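Student: Pasting in a structure now, in structure tokens, and then I'll have a few things to ask.
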Amino acid sequence: MNPSRKPLIAANWKMYKTVAEAVSFIKSIQEETGPCADLEVVIAPPFTALKAVGDNLTQQGFSLAAQNCHWEEKGAFTGEVSPIMLSDLGCNYVIVGHSERRQLFGETDETVRRKAAAVLAAGMVPVVCVGEVLEQREQGKTFEVVGRQVEGALSGLSARQAELLVIAYEPVWAIGTGRTATAAQAQEVHALIRKTLAALFNKEVEKKGRILYGGSVKPDNIDLLMAEPDIDGVLVGGASLEVGSFKRLVQFKS
Ligand code: PGA
């Protein structure tokens, strides 16, 4: 991390937790950590628990995120939820383009771009996920793939919008597998993403843009990851579901 950027620890609960489970977690974690003045803790529950979690986020530093959205404001899109509806519920962030959405639900760089722009237009911050699959890494295509995803998702945005946006580098081979990228492997890609931001926008975006790492982040690897200069936080699935492990992530030592 770099002290000029506020660290962000984000919990992606995926399709886990009922409303009661979510509320009980959120009460305990806030009690355990107390106020978080120097970092942001972002909780992304399933849609069904957004309202209840939002109503119970009272501790300083905690905020609410959705895991997905549609890019239109409203319309005949059965089963979809619009950015404006999420902002209405108190969301500050929306995760877009998670690899599970890309792989299982057919999302492309173009739909991710539309979603990111729509989230910004609704006054929230998109957390844009990018990352290569194992085959691409083994073929030495990581930089090419990630660079293309970043460019695709951010095209058409203003520098001001790009500065607000958060990018999450999540190598697909590290998600839910227990196989984390080493801190050095992650840093290398984060540095590339930062350079891409400079090329697409300007030095200011390069300096201010926050880039998270995701993929099997656990209490035993967070400190090393957060020690890297271009890793500004983490996006966590599995280890965000238990109060004990998530508390340790929030209390990372840099
Ligand atoms: P994981 O998931 O921490 O369980 O690997 C990360 C993610 O999918 O965002």
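Identifiers in this document derive from the order of the structure tokens: chains are assigned A, B, ..., residues are numbered from 1 separately in each chain, and ligands are numbered from 1 in order of occurrence.
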Residues within 6 Å of region 61-75 of chain A, please, as a PyMOL selection string. Count only C-alpha atoms; anything in the same chain fewer than 3 positions from it doesn't count.
Tutor: chain A and resi 36-37+40-44+81-82+91-96+114-115+118
Student: Can you pull out every residue with an atom within 8 Å of ligand 1? Use only C-alpha atoms and all ligand atoms and format it as a list of chain:residue names.
Tutor: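 With only C-alpha atoms and all ligand atoms and a cut-off of 8 Å, ligand 1 is contacted by A:Ala11, A:Asn12, A:Lys14, A:His98, A:Ser99, A:Glu100, A:Glu170, A:Ala174, A:Ile175, A:Gly176, A:Thr177, A:Gly178, A:Thr180, A:Gly214, A:Gly215, A:Ser216, A:Val217, A:Lys218, A:Leu235, A:Val236, A:Gly237, A:Gly238, A:Ala239, A:Ser240.
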Student: If you measure from CA of Ile84 (chain A) to CA of Gly123 (chain A), what distance in Å do you get, rounded to one decimal?
Tutor: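 A separation of 8.6 Å between them.
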Student: If you run DSSP on the backbone, which residues of region 79-226 of chain A are strand (DSSP E), as a list in words?
Tutor: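 DSSP on the backbone gives strand (DSSP E) at Tyr93, Val94, Ile95, Val96, Val125, Pro126, Val127, Val128, Cys129, Val130, Val166, Ile167, Ala168, Tyr169, Arg210, Ile211, Leu212, Tyr213 and Gly214 of chain A.
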Student: Counting only C-alpha atoms, figure out which residue out of A:Ser24, A:Thr196, A:Gln136, A:Gln185 gets nearest to Glu228 (chain A).
Tutor: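 Checking each of A:Ser24, A:Thr196, A:Gln136, A:Gln185 against Glu228 (chain A), counting only C-alpha atoms, the winner is A:Gln185.
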Student: Taking the DSSP secondary structure from the backbone, can you list the residues of region 5-235 of chain A that are helix (DSSP H, G or I), as a PyMOL selection string?
Tutor: chain A and resi 19-33+47-56+83-88+99-104+109-121+134-138+142-154+159-164+172-174+183-200+203-208+222-226
Student: List the spatial neighbours of Gln161 (chain A) as number ranges by chain - criterion: any atom at most 12 Å away, only C-alpha atoms, same-chain residues fewer than 4 positions off excluded.
Tutor: A: 116-126, 154-157, 165-166, 197, 201, 204-205, 208-209
Student: Do you have the CA of Gln30 (chain A)-CA of Leu57 (chain A) distance handy?
Tutor: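 These atoms are spaced 7.9 Å apart.
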